[in-house]
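Working notes, structure below.
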Amino acid sequence: MRRRARPGGGRQLEVVIEGVGARGDGYATLDGALVYVPFTQKGDRVRIRVTGARAGGAKGEVIELLAEGPGRAEPPCPHYGPCGGCALQHLETGAYAAWKASLLPQALAHRGFKDVRIAPMVQVAPGTRRRAVLAALRRGGRVLLGFHQRQGRAVVDLTTCLLLTPRLDALLPALRQVLVEVLPDSPREATVTVTDTGEGADVLIAAPGQPGLGAREALTRFAETADLARLSWRQEESGEAAIAAEPVVVRRPPRLQFGAVSVEPAPGAFLQPSAAGQAALSEAILGYLPETCERIADLFCGSGAFTFPLSARTRVLAVDGAEEAVAALWTATRRADLAGRIAVEVRDLARAPLLAGELTGFDAVVFDPPRAGAREQALELAESGVATVIAVSCNPKTFARDARILADGGYSLMEVTPVDQFPWSGHLELVAKFAR
């Protein structure tokens with residue numbers, strides 16, 4: 001490894017990238033520790049600049065690519081690099097798939113799981129992401145609209161996004177234009193959640209203050225021109241509790257299909273990012289259920305993406321801490337005449353998990369927590385007598401932690417199905433079956 005001083009201080013050095021880490025950055029060994037370098041791959045020989053510290057090592061940036069490792073591709077997106085939405089467009093398809101598939105066994109091995117049966121990874125294509133949360137920042141007479149910069153807070157202004165569905169991608173120019181008219185000229189960012197539903201796009205703008213008459217007129221014109229299903233506004237003030245979203249224009253009730261049931265989600269509601277990913281997860285969950293199952297708990301149920309497919313097989317208790325999501329689920333339940341098969345409960349499962357005693361009588365439990373995982377609920381499940389537990393996760397690391405809790409409580413990890421519905425990123429979804 002050759003090193004030379006950078007004019008004005010700092011270090012420049014030449015390294016060979018040894019592999020790609022879990023976040024999608026290449027890494028090399030430097031002074032006995034790792035230096036992580038974005039947009040590199042195994043086998044690249046690069047001249048880098050060390051830019052600072054990072055957990056587990058140091059951060060670096062590429063000055064010059066001296067020689068390419070095998071499997072490099074030309075990134076297809078014009079915003080690749082600055083935009084933090086993608087990290088691995090520089091890998092060709094096979095190299096990317098091999099790297100993404102390696103994340104799960106690595107996370108499991110770190111928690112002592114070896115020789116776990118892992119099903120083939122399901123890959124969801126780009127151009128299918130039906131929900132995205134965009135940052136918006138008004139600067140005088142223009143608005144920056146897009147994702148944050150990688151490892152930074154700057155907003156990268158997007159003209160296109162290869163991840164989004166065609167409907168959402170085509171919406172960006174008109175959305176940016178109306179935001180110039182309605183956003184306050186403020187250093188504070190707004191967020192815009194766009195969702196592609198069966199009836200058209202559903203848009204939620206979260207920004208300081210309330211829109212005045214002129215802004216409401218502009219929003220109404222935008223909703224008509226863009227053929228939106230619904231447009232809502234949520235007032236957000238720092239230091240205050242979240243205020244419920246106000247529908248500004250409802251041209252058609254937005255609908256999402258969960259199994260055989262149509263659900264009208266709350267504005268900005270969480271859902272699986274793609275319809276294909278949701279279908280793959282549902283198929284794996286149903287395939288992992290025992291043939292005879294009379295009662296299931298669906299924990300962290302959201303608006304019912306898995307509740308309704310499960311209810312076609314058995315009775316379901318659906319539990320989540322998000323009141324708006326549970327309300328949407330319950331409304332759809334009554335409309336579909338399923339109140340005899342589905343019961344709901346609003347409960348913050350991170351702070352008040354279902355206790356082991358409350359789980360008595362359930363044949364199976366499905367849980368799909370946020371990225372932080374479900375440590376407290378896993379501890380209660382480990383003490384329960386539930387025969388089958390099915391975990392859904394978007395974070396292999398927190399999943400492996402929770403899996404260790406279940407295994408230490410007497411469960412066996414039977415199989416895991418990885419689902420890549422976050423193309424070109426370090427995020428990986430999965431479904432796992434545990435049995436006593």
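In the structure tokens, chains take letters A, B, ... by order of appearance, with residues numbered from 1 within each chain and ligands from 1 in the order shown.
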
*Please identify all polymer residues within 8 Å of A:Gly426, counting only C-alpha atoms, omitting same-chain residues fewer than 4 positions from it, and present them as a list in words.*
Ala22, Arg23, Gly24, Ala87, Lys100 and Phe422 of chain A

Keeping only C-alpha atoms, take the residues you just selected and write them out as a compact mmCIF listing (two decimals), in the first residue's frame.
# COMPACT_ATOMS: atom_id res chain seq x y z
CA ALA A 22 -23.56 -4.49 4.68
CA ARG A 23 -24.32 -0.86 3.80
CA GLY A 24 -23.03 -1.29 0.25
CA ALA A 87 -25.71 2.42 -3.27
CA LYS A 100 -27.38 -9.05 -1.57
CA PHE A 422 -35.17 -2.54 -2.24

What parts of stretch 80-296 of chain A does DSSP call strand (DSSP E)? I'd like the answer as a PDB file with C-alpha atoms, in the first residue's frame.
ATOM      1  CA  VAL A 122     -36.931 -13.358  -4.514  1.00  0.00           C
ATOM      2  CA  GLN A 123     -35.896 -10.261  -6.473  1.00  0.00           C
ATOM      3  CA  ARG A 131     -44.476   4.409  -1.955  1.00  0.00           C
ATOM      4  CA  ALA A 132     -41.681   6.882  -1.270  1.00  0.00           C
ATOM      5  CA  VAL A 133     -41.020   9.626   1.277  1.00  0.00           C
ATOM      6  CA  LEU A 134     -39.288  12.541  -0.430  1.00  0.00           C
ATOM      7  CA  ALA A 135     -37.587  15.547   1.148  1.00  0.00           C
ATOM      8  CA  ALA A 136     -38.542  19.000  -0.139  1.00  0.00           C
ATOM      9  CA  LEU A 137     -36.702  22.254   0.545  1.00  0.00           C
ATOM     10  CA  ARG A 138     -37.723  25.637  -0.810  1.00  0.00           C
ATOM     11  CA  ARG A 139     -34.933  28.019  -1.686  1.00  0.00           C
ATOM     12  CA  ARG A 142     -37.235  26.937  -6.544  1.00  0.00           C
ATOM     13  CA  VAL A 143     -37.767  23.697  -4.641  1.00  0.00           C
ATOM     14  CA  LEU A 144     -35.320  20.849  -4.217  1.00  0.00           C
ATOM     15  CA  LEU A 145     -37.281  17.572  -4.249  1.00  0.00           C
ATOM     16  CA  GLY A 146     -35.746  14.141  -3.802  1.00  0.00           C
ATOM     17  CA  ALA A 190     -40.915  19.420   4.284  1.00  0.00           C
ATOM     18  CA  THR A 191     -41.622  15.787   3.490  1.00  0.00           C
ATOM     19  CA  VAL A 192     -43.828  14.514   0.698  1.00  0.00           C
ATOM     20  CA  THR A 193     -45.143  10.947   0.818  1.00  0.00           C
ATOM     21  CA  VAL A 194     -46.303   9.679  -2.561  1.00  0.00           C
ATOM     22  CA  THR A 195     -48.214   6.408  -2.901  1.00  0.00           C
ATOM     23  CA  ASP A 196     -49.359   4.724  -6.109  1.00  0.00           C
ATOM     24  CA  THR A 197     -52.796   3.222  -5.459  1.00  0.00           C
ATOM     25  CA  GLY A 200     -54.275   7.093  -8.695  1.00  0.00           C
ATOM     26  CA  ALA A 201     -51.522   8.760  -6.705  1.00  0.00           C
ATOM     27  CA  ASP A 202     -52.097   9.584  -3.036  1.00  0.00           C
ATOM     28  CA  VAL A 203     -49.966  12.538  -1.868  1.00  0.00           C
ATOM     29  CA  LEU A 204     -49.298  13.751   1.681  1.00  0.00           C
ATOM     30  CA  ILE A 205     -47.385  16.999   2.228  1.00  0.00           C
ATOM     31  CA  ALA A 206     -46.028  17.506   5.770  1.00  0.00           C
ATOM     32  CA  ALA A 207     -44.785  21.054   6.316  1.00  0.00           C
ATOM     33  CA  ARG A 230     -56.234  12.250  -2.841  1.00  0.00           C
ATOM     34  CA  LEU A 231     -54.034  15.080  -1.593  1.00  0.00           C
ATOM     35  CA  SER A 232     -53.565  15.753   2.122  1.00  0.00           C
ATOM     36  CA  TRP A 233     -51.619  18.207   4.290  1.00  0.00           C
ATOM     37  CA  ARG A 234     -50.145  17.620   7.726  1.00  0.00           C
ATOM     38  CA  GLN A 235     -48.992  20.588   9.790  1.00  0.00           C
ATOM     39  CA  GLU A 246     -56.160  16.997   6.671  1.00  0.00           C
ATOM     40  CA  PRO A 247     -57.485  15.871   3.274  1.00  0.00           C
ATOM     41  CA  VAL A 248     -57.359  18.915   0.993  1.00  0.00           C
ATOM     42  CA  VAL A 249     -58.684  17.214  -2.149  1.00  0.00           C
ATOM     43  CA  VAL A 250     -60.329  13.796  -2.380  1.00  0.00           C
ATOM     44  CA  LEU A 256     -54.892  -0.832  -1.745  1.00  0.00           C
ATOM     45  CA  GLN A 257     -55.520  -4.529  -2.278  1.00  0.00           C
ATOM     46  CA  PHE A 258     -54.599  -6.811   0.624  1.00  0.00           C
ATOM     47  CA  VAL A 261     -59.965  -7.055   0.586  1.00  0.00           C
ATOM     48  CA  SER A 262     -59.678  -3.438  -0.567  1.00  0.00           C
ATOM     49  CA  VAL A 263     -58.384  -1.014   2.084  1.00  0.00           C
ATOM     50  CA  ARG A 295     -56.166 -18.601  15.713  1.00  0.00           C
ATOM     51  CA  ILE A 296     -53.279 -16.311  14.737  1.00  0.00           C
TER      52      ILE A 296
END

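Using only C-alpha atoms, the shortest contact distance between A:Lys114 and any of A:Glu429, A:Glu415, A:Glu236, A:Asp402 is found at A:Glu415.
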
_Using only C-alpha atoms, which protein or nucleic acid residues come within 7 Å of A:Gln41? Drop anything in the same chain fewer than 5 positions from it, and give the result as a list in words._
Ile17, Gly19, Val20, Gly26 and Gly69 of chain A

Keeping C-alpha atoms, export the residues of the selection given above as an mmCIF file, in the first residue's frame.
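The resulting file, part.cif, is reproduced below:
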data_model
loop_
_atom_site.group_PDB
_atom_site.id
_atom_site.type_symbol
_atom_site.label_atom_id
_atom_site.label_comp_id
_atom_site.auth_asym_id
_atom_site.auth_seq_id
_atom_site.Cartn_x
_atom_site.Cartn_y
_atom_site.Cartn_z
ATOM 1 C CA ILE A 17 -10.984 -3.212 -2.189
ATOM 2 C CA GLY A 19 -15.167 -6.780 -0.278
ATOM 3 C CA VAL A 20 -18.461 -4.913 0.084
ATOM 4 C CA GLY A 26 -16.438 -1.324 -0.396
ATOM 5 C CA GLY A 69 -12.588 -5.370 -10.250
#

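The spacing separating atom CA of A:Leu171 from atom CA of A:Tyr96 amounts to 29.1 Å.
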
I'd like a table as JSON lines: residues in stretch 225-277 of chain A with an atom no more than 12 Å from stretch 317-341 of chain A, each row giving the shortest atom pair and its distance in Å to one decimal, only C-alpha atoms counted, sorted by chain and rising residue number.
{"residue": "A:Ile243", "atom": "CA", "partner": "A:Glu324", "partner_atom": "CA", "distance": 11.9}
{"residue": "A:Ala244", "atom": "CA", "partner": "A:Glu324", "partner_atom": "CA", "distance": 9.1}
{"residue": "A:Ala245", "atom": "CA", "partner": "A:Glu324", "partner_atom": "CA", "distance": 10.2}
{"residue": "A:Pro254", "atom": "CA", "partner": "A:Ala328", "partner_atom": "CA", "distance": 11.7}
{"residue": "A:Arg255", "atom": "CA", "partner": "A:Ala332", "partner_atom": "CA", "distance": 10.3}
{"residue": "A:Leu256", "atom": "CA", "partner": "A:Ala332", "partner_atom": "CA", "distance": 10.5}
{"residue": "A:Gln257", "atom": "CA", "partner": "A:Ala332", "partner_atom": "CA", "distance": 10.6}
{"residue": "A:Phe258", "atom": "CA", "partner": "A:Ala332", "partner_atom": "CA", "distance": 10.1}
{"residue": "A:Gly259", "atom": "CA", "partner": "A:Ala336", "partner_atom": "CA", "distance": 11.6}
{"residue": "A:Ala260", "atom": "CA", "partner": "A:Ala336", "partner_atom": "CA", "distance": 9.1}
{"residue": "A:Val261", "atom": "CA", "partner": "A:Ala336", "partner_atom": "CA", "distance": 6.8}
{"residue": "A:Ser262", "atom": "CA", "partner": "A:Ala332", "partner_atom": "CA", "distance": 6.8}
{"residue": "A:Val263", "atom": "CA", "partner": "A:Ala332", "partner_atom": "CA", "distance": 5.4}
{"residue": "A:Glu264", "atom": "CA", "partner": "A:Ala328", "partner_atom": "CA", "distance": 6.3}
{"residue": "A:Pro265", "atom": "CA", "partner": "A:Ala328", "partner_atom": "CA", "distance": 5.8}
{"residue": "A:Ala266", "atom": "CA", "partner": "A:Glu324", "partner_atom": "CA", "distance": 6.0}
{"residue": "A:Pro267", "atom": "CA", "partner": "A:Glu324", "partner_atom": "CA", "distance": 8.9}
{"residue": "A:Gly268", "atom": "CA", "partner": "A:Ala325", "partner_atom": "CA", "distance": 10.0}
{"residue": "A:Ala269", "atom": "CA", "partner": "A:Ala325", "partner_atom": "CA", "distance": 6.8}
{"residue": "A:Phe270", "atom": "CA", "partner": "A:Ala325", "partner_atom": "CA", "distance": 8.2}
{"residue": "A:Leu271", "atom": "CA", "partner": "A:Ala325", "partner_atom": "CA", "distance": 9.9}

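Residue nearest A:Gln272, chosen from A:Val37, A:Val392, A:Met121, A:Val365 and counting only C-alpha atoms: A:Val392.
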
*Could you please determine the separation between atom CA of A:Trp424 and atom CA of A:Ala154 in Å, to one decimal place?*
20.4 Å

*Could you write out, as a PyMOL selection string, all the residues of stretch 137-252 of chain A that DSSP marks as alpha helix (DSSP H)?*
chain A and resi 166-182+213-225
